[in-house]
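Quick look at target37.tsv (TSV, C-alpha atoms and all ligand atoms):
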```
chain	number	residue	atom	x	y	z
H	424	MET	CA	-58.21	-49.81	38.56
H	425	GLU	CA	-56.62	-46.37	38.18
H	426	ALA	CA	-59.84	-44.65	39.29
H	427	GLN	CA	-59.85	-46.67	42.51
H	428	LEU	CA	-56.23	-45.86	43.10
H	429	LEU	CA	-56.79	-42.12	42.57
H	430	ALA	CA	-59.81	-42.10	44.89
H	431	TRP	CA	-57.69	-43.76	47.58
H	432	TYR	CA	-54.90	-41.22	47.01
H	433	ALA	CA	-57.31	-38.31	47.39
H	434	ARG	CA	-58.24	-39.75	50.80
H	435	ALA	CA	-55.01	-41.20	52.08
H	436	GLY	CA	-52.13	-39.71	50.05
H	437	ARG	CA	-49.16	-38.27	51.93
H	438	ASP	CA	-48.99	-34.50	52.19
H	439	LEU	CA	-45.43	-33.77	51.04
H	440	PRO	CA	-44.11	-30.25	50.42
H	441	TRP	CA	-42.94	-30.89	46.84
H	442	ARG	CA	-46.50	-31.87	45.96
H	443	HIS	CA	-47.53	-28.23	46.42
H	444	THR	CA	-45.34	-26.87	43.64
H	445	ASN	CA	-44.80	-27.27	39.94
H	446	ASP	CA	-41.53	-25.33	39.95
H	447	PRO	CA	-39.11	-27.58	38.01
H	448	TYR	CA	-36.16	-26.50	40.15
H	449	ALA	CA	-37.99	-27.42	43.38
H	450	ILE	CA	-39.01	-30.76	41.85
H	451	LEU	CA	-35.41	-31.36	40.76
H	452	VAL	CA	-34.14	-30.69	44.30
H	453	SER	CA	-36.73	-33.01	45.84
H	454	GLU	CA	-36.08	-35.81	43.36
H	455	VAL	CA	-32.31	-35.69	43.71
H	456	MET	CA	-32.66	-35.75	47.51
H	457	LEU	CA	-35.16	-38.62	47.32
H	458	GLN	CA	-32.94	-40.72	45.05
H	459	GLN	CA	-31.27	-42.43	48.00
H	460	THR	CA	-32.70	-40.88	51.15
H	461	GLN	CA	-35.97	-41.62	52.96
H	462	VAL	CA	-38.89	-39.23	52.66
H	463	ASP	CA	-39.00	-38.33	56.36
H	464	ARG	CA	-35.36	-37.27	56.34
H	465	VAL	CA	-35.73	-35.35	53.09
H	466	VAL	CA	-38.69	-33.14	54.09
H	467	PRO	CA	-36.90	-30.76	56.52
H	468	ARG	CA	-33.77	-30.68	54.36
H	469	TYR	CA	-35.75	-29.87	51.23
H	470	LEU	CA	-37.52	-26.98	52.98
H	471	ALA	CA	-34.26	-25.60	54.35
H	472	TRP	CA	-32.54	-25.96	50.97
H	473	LEU	CA	-35.24	-24.02	49.14
H	474	GLU	CA	-35.23	-21.33	51.75
H	475	ARG	CA	-31.50	-20.90	51.32
H	476	TRP	CA	-31.38	-21.40	47.54
H	477	PRO	CA	-34.90	-20.77	46.18
H	478	THR	CA	-33.89	-20.80	42.49
H	479	ALA	CA	-31.43	-22.53	40.20
H	480	ASP	CA	-29.66	-19.16	39.81
H	481	ALA	CA	-29.22	-18.87	43.57
H	482	LEU	CA	-27.82	-22.38	43.85
H	483	ALA	CA	-25.55	-21.86	40.84
H	484	ALA	CA	-23.98	-18.85	42.57
H	485	ALA	CA	-23.22	-20.80	45.76
H	486	SER	CA	-19.75	-22.21	46.40
H	487	PRO	CA	-19.34	-26.00	46.14
H	488	ALA	CA	-18.10	-25.98	49.75
H	489	ASP	CA	-21.38	-24.46	50.99
H	490	VAL	CA	-23.39	-26.92	48.91
H	491	ILE	CA	-21.45	-29.91	50.29
H	492	ARG	CA	-21.84	-28.61	53.85
H	493	ALA	CA	-25.58	-28.13	53.38
H	494	TRP	CA	-25.87	-31.71	52.11
H	495	GLN	CA	-24.23	-33.31	55.16
H	496	GLY	CA	-26.40	-36.04	56.66
H	497	LEU	CA	-28.30	-36.82	53.46
H	498	GLY	CA	-25.65	-39.30	52.31
H	499	TYR	CA	-24.28	-40.07	48.85
H	500	ASN	CA	-22.64	-36.65	48.71
H	501	ARG	CA	-21.85	-36.81	45.00
H	502	ARG	CA	-25.50	-35.90	44.49
H	503	ALA	CA	-24.82	-32.48	46.01
H	504	LEU	CA	-22.14	-31.66	43.45
H	505	ALA	CA	-24.27	-33.00	40.60
H	506	LEU	CA	-27.21	-30.86	41.72
H	507	HIS	CA	-24.93	-27.84	41.92
H	508	ARG	CA	-23.60	-28.46	38.41
H	509	ALA	CA	-27.15	-28.95	37.13
H	510	ALA	CA	-28.12	-25.57	38.61
H	511	GLN	CA	-25.10	-23.97	36.91
H	512	TRP	CA	-26.14	-25.51	33.61
H	513	ILE	CA	-29.72	-24.22	33.98
H	514	ALA	CA	-28.54	-20.77	35.08
H	515	ALA	CA	-26.25	-20.52	32.04
H	516	GLU	CA	-28.32	-22.17	29.31
H	517	GLY	CA	-31.84	-22.73	30.59
H	518	TRP	CA	-33.53	-26.10	30.93
H	519	PRO	CA	-32.45	-28.55	28.19
H	520	ARG	CA	-35.15	-30.25	26.15
H	521	ASP	CA	-33.57	-33.59	27.09
H	522	LEU	CA	-33.42	-33.33	30.88
H	523	THR	CA	-31.03	-36.27	31.17
H	524	LEU	CA	-28.30	-33.94	29.87
H	525	LEU	CA	-28.31	-32.35	33.33
H	526	PRO	CA	-25.72	-33.78	35.73
H	527	GLY	CA	-27.26	-36.29	38.14
H	528	VAL	CA	-30.52	-36.54	36.18
H	529	GLY	CA	-31.31	-40.00	34.83
H	530	PRO	CA	-34.44	-41.24	33.06
H	531	TYR	CA	-36.41	-41.55	36.32
H	532	THR	CA	-35.69	-38.02	37.57
H	533	ALA	CA	-36.29	-36.59	34.09
H	534	ALA	CA	-39.69	-38.32	33.95
H	535	ALA	CA	-40.55	-37.03	37.43
H	536	ILE	CA	-39.77	-33.43	36.40
H	537	ARG	CA	-41.74	-33.81	33.17
H	538	ASN	CA	-44.74	-35.12	35.08
H	539	PHE	CA	-44.75	-33.13	38.34
H	540	ALA	CA	-43.48	-29.82	36.96
H	541	LEU	CA	-44.45	-29.80	33.30
H	542	GLY	CA	-47.67	-31.78	33.56
H	543	GLU	CA	-46.75	-34.34	30.90
H	544	ASN	CA	-48.34	-37.75	30.86
H	545	VAL	CA	-45.23	-39.78	31.66
H	546	LEU	CA	-44.93	-42.28	34.47
H	547	PRO	CA	-41.66	-42.17	36.40
H	548	HIS	CA	-40.73	-45.78	37.12
H	549	ASP	CA	-39.16	-46.26	40.52
H	550	VAL	CA	-39.12	-49.56	42.44
H	551	ASN	CA	-42.46	-48.86	44.10
H	552	VAL	CA	-44.22	-48.03	40.84
H	553	ASP	CA	-42.69	-51.07	39.12
H	554	ARG	CA	-43.75	-53.35	41.95
H	555	VAL	CA	-47.40	-52.22	41.92
H	556	GLU	CA	-47.60	-52.48	38.12
H	557	ARG	CA	-46.05	-55.94	38.21
H	558	ARG	CA	-48.33	-57.23	40.96
H	559	THR	CA	-51.52	-55.76	39.54
H	560	GLY	CA	-50.62	-56.49	35.91
H	561	HIS	CA	-51.93	-53.02	35.08
H	562	SER	CA	-50.27	-50.16	33.20
H	563	PHE	CA	-51.07	-46.85	34.86
H	564	THR	CA	-50.91	-43.39	33.32
H	565	GLY	CA	-48.79	-40.47	34.46
H	566	ALA	CA	-51.75	-39.13	36.45
H	567	ALA	CA	-51.31	-42.03	38.89
H	568	ALA	CA	-47.62	-41.41	39.59
H	569	GLN	CA	-47.88	-39.92	43.10
H	570	ALA	CA	-50.62	-42.37	44.06
H	571	LEU	CA	-48.52	-45.35	42.92
H	572	MET	CA	-45.52	-44.10	44.88
H	573	ASP	CA	-47.64	-43.81	48.02
H	574	LEU	CA	-49.28	-47.18	47.52
H	575	GLY	CA	-45.90	-48.84	47.01
H	576	ALA	CA	-44.37	-47.06	50.01
H	577	THR	CA	-47.19	-47.60	52.50
H	578	VAL	CA	-49.45	-50.50	51.38
H	579	CYS	CA	-48.04	-52.62	48.56
H	580	LEU	CA	-44.80	-53.15	50.48
H	581	ALA	CA	-41.96	-55.18	49.00
H	582	ARG	CA	-41.82	-58.00	51.55
H	583	ILE	CA	-45.32	-58.25	53.02
H	584	PRO	CA	-47.95	-56.18	51.21
H	585	ARG	CA	-50.89	-54.96	53.29
H	586	CYS	CA	-53.51	-56.26	50.89
H	587	ASP	CA	-56.34	-55.85	53.41
H	588	ALA	CA	-55.76	-52.08	53.35
H	589	CYS	CA	-55.32	-51.86	49.59
H	590	PRO	CA	-57.80	-50.05	47.34
H	591	LEU	CA	-56.95	-52.47	44.50
H	592	GLN	CA	-57.53	-55.73	46.39
H	593	ALA	CA	-60.81	-56.56	44.61
H	594	THR	CA	-59.13	-56.92	41.22
H	595	CYS	CA	-55.42	-57.47	41.99
H	596	PRO	CA	-54.31	-60.96	40.90
H	597	SER	CA	-51.41	-60.90	43.40
H	598	ARG	CA	-53.55	-60.27	46.45
H	599	GLY	CA	-52.26	-62.29	49.41
H	600	THR	CA	-48.91	-63.19	47.84
H	601	HIS	CA	-45.56	-61.72	48.68
H	602	ASP	CA	-42.12	-61.58	47.15
H	603	GLU	CA	-39.15	-63.62	48.25
H	604	PRO	CA	-36.57	-61.41	49.91
H	605	THR	CA	-34.01	-60.19	47.41
H	606	ARG	CA	-30.62	-58.79	48.27
H	607	LYS	CA	-30.20	-57.03	51.57
H	608	GLN	CA	-29.24	-53.38	51.50
H	609	SER	CA	-25.49	-53.20	52.08
H	610	ARG	CA	-24.62	-52.28	55.64
H	611	PHE	CA	-23.55	-48.69	56.23
H	612	GLU	CA	-21.95	-49.44	59.59
H	613	GLY	CA	-18.28	-50.27	59.05
H	614	SER	CA	-18.49	-49.75	55.27
H	615	PHE	CA	-16.21	-47.68	53.06
H	616	ARG	CA	-19.20	-45.44	52.45
H	617	GLN	CA	-19.26	-44.70	56.18
H	618	ARG	CA	-15.52	-43.97	56.19
H	619	ARG	CA	-16.01	-41.52	53.32
H	620	ALA	CA	-18.94	-39.87	55.09
H	621	THR	CA	-17.00	-39.50	58.34
H	622	THR	CA	-13.98	-38.05	56.55
H	623	LEU	CA	-16.08	-35.57	54.59
H	624	ARG	CA	-17.87	-34.47	57.75
H	625	LEU	CA	-14.53	-33.73	59.43
H	626	VAL	CA	-13.26	-31.72	56.46
H	627	ALA	CA	-16.61	-29.89	56.16
H	628	ALA	CA	-16.20	-28.75	59.77
H	629	SER	CA	-12.70	-27.37	59.15
H	630	PRO	CA	-9.64	-27.96	56.91
H	631	MET	CA	-7.66	-30.97	58.12
H	632	PRO	CA	-4.12	-32.28	57.52
H	633	ALA	CA	-4.30	-35.40	55.34
H	634	ASP	CA	-2.07	-37.23	57.82
H	635	GLY	CA	-4.81	-37.09	60.43
H	636	LEU	CA	-7.45	-38.50	58.08
H	637	ASP	CA	-8.41	-41.83	56.50
H	638	ARG	CA	-6.16	-41.57	53.44
H	639	GLU	CA	-8.09	-44.02	51.29
H	640	ALA	CA	-11.29	-42.11	51.96
H	641	VAL	CA	-9.57	-38.80	51.17
H	642	ASP	CA	-8.33	-40.15	47.84
H	643	ALA	CA	-11.81	-41.39	46.90
H	644	LEU	CA	-13.42	-38.08	47.90
H	645	ALA	CA	-10.78	-36.15	45.93
H	646	ARG	CA	-11.44	-38.27	42.82
H	647	ASP	CA	-15.12	-37.33	43.10
H	648	GLY	CA	-14.31	-33.63	43.50
H	649	LEU	CA	-15.76	-33.53	47.02
H	650	VAL	CA	-12.46	-32.48	48.63
H	651	VAL	CA	-9.20	-30.94	47.45
H	652	VAL	CA	-5.75	-31.82	48.82
H	653	LEU	CA	-3.60	-28.68	48.88
H	654	GLY	CA	0.14	-28.64	48.23
H	655	ASP	CA	0.95	-28.61	51.95
H	656	GLY	CA	-1.23	-31.69	52.53
H	657	THR	CA	-4.23	-29.84	53.97
H	658	VAL	CA	-7.57	-31.29	52.91
H	659	VAL	CA	-10.31	-28.71	52.21
H	660	LEU	CA	-13.69	-28.52	50.53
H	661	PRO	CA	-13.61	-27.29	46.90
H	662	SER	CA	-13.92	-23.54	46.67
H	663	GLY	CA	-15.10	-22.94	43.13
H	701	LIG	S1	-53.77	-56.19	46.61
H	701	LIG	FE1	-51.84	-56.55	47.66
H	701	LIG	S2	-50.39	-57.16	46.04
H	701	LIG	FE2	-52.17	-56.21	45.03
H	701	LIG	S3	-51.60	-54.06	44.77
H	701	LIG	FE3	-52.73	-54.22	46.69
H	701	LIG	S4	-51.17	-54.52	48.30
H	701	LIG	FE4	-50.21	-54.92	46.30
```

For this file, write the structure as structure tokens.
Ligand code: SF4
Amino acid sequence: MEAQLLAWYARAGRDLPWRHTNDPYAILVSEVMLQQTQVDRVVPRYLAWLERWPTADALAAASPADVIRAWQGLGYNRRALALHRAAQWIAAEGWPRDLTLLPGVGPYTAAAIRNFALGENVLPHDVNVDRVERRTGHSFTGAAAQALMDLGATVCLARIPRCDACPLQATCPSRGTHDEPTRKQSRFEGSFRQRRATTLRLVAASPMPADGLDREAVDALARDGLVVVLGDGTVVLPSG
């Protein structure tokens, strides 16, 4: 089954910029961006990020304010600060043996770095990979990671899989079935997440008096270290 999947991937796999590198820092950047943002939106931001900060040392030397500004539009801004702190860790101490010690790096991202950068035979389990393994009843090796991600994202879709276009249809026991819808993604429009994003965007553009801002959002952003409220009530991005 894996051979069929890999043959399909060689033909139909997506050409994504982070698939042309085995630099662990570049893989880290791509994986953190991809954690909660769609591939199409990540591609241009990833390229711009690496042009601006091509190494962990370069990112470590940046100010948190610049990092937060550069992250605007990707959402879930805490990831920007975690990535910055991870770069500072790497710049100071090198890459830890246990990658999950790095801020913002969980088991999935650690497995992705070990596979895509270090060439280890570990399979990063994201929702797409889990779904294909569950439906096919097959355990794939680390060599199939990118192929599984593409199959799950473009063919073996969560709601209605495109079994007719699937390279595994001859042997997949789930062919022709589909999952019941699970929970809907929470709406961004009108959510507290949106209020936080709007507030951070305003402060990223220029320092603002707290009185003119959504106070609840400011407090939440301050707790996460994404903004600082100065003594005179001005809200600014963190400077160092
Ligand atoms: S045959 Fe259908 S259910 Fe099975 S892996 Fe392919 S797309 Fe998914």

Original post:
Can you tell me, as a list in words, what residues are no more than 8 Å from segment 425-442 of chain H when counting all atoms listed in the file, ignoring any on the same chain fewer than 3 positions away?
Top reply: Asn445, Ala449, Ile450, Ser453, Val466, Leu470, Phe539, Phe563, Ala567, Ala570, Leu571, Asp573, Pro590 and Leu591 of chain H

**OP:** Please provide the set of residues having any atom within 12 Å of Thr594 of chain H, restricted to only C-alpha atoms, with same-chain residues fewer than 2 positions apart removed, written as a PyMOL selection string.
**Re:** chain H and resi 424-425+427-428+558-561+586+589-592+596-599

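Residue nearest Arg537 of chain H within the list H:Glu556, H:Asp521, H:Asp642, H:Asp480: H:Asp521 [criterion: smallest interatomic distance, all atoms listed in the file].
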
Subject >> Surrounding residues of segment 511-513 of chain H excluding itself and chain neighbours under 3 positions, 8 Å, only C-alpha atoms, as a PyMOL selection string >> reply: chain H and resi 479-480+482-484+507-508+516-519+525

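If all atoms listed in the file are the atoms counted, then among H:Val641, H:Leu649, H:Leu636, H:Ala581 the closest residue to ligand LIG 701 (chain H) is H:Ala581.
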
The centre and edge lengths of an axis-aligned box containing all atoms of ligand LIG 701 (chain H) present in the file, extended by 4 Å on each side, are to be given in Å to one decimal, as AutoDock Vina command-line options.
```
--center_x -52.0 --center_y -55.6 --center_z 46.5 --size_x 11.6 --size_y 11.1 --size_z 11.5
```

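Our summary of the geometry notes that atom CA of Ser609 of chain H is positioned 29.0 Å from atom CA of Ile536 of chain H.
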
**OP:** Considering all atoms listed in the file, state which residue in the set H:Gly575, H:Pro584, H:Leu451, H:Tyr499 is at the smallest distance from Glu603 of chain H.
**Re:** H:Pro584

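Between Arg492 of chain H and the candidates H:Gln458, H:Thr564, H:Thr532, H:Ser629, the tightest atom-to-atom separation, counting all atoms listed in the file, involves H:Ser629.
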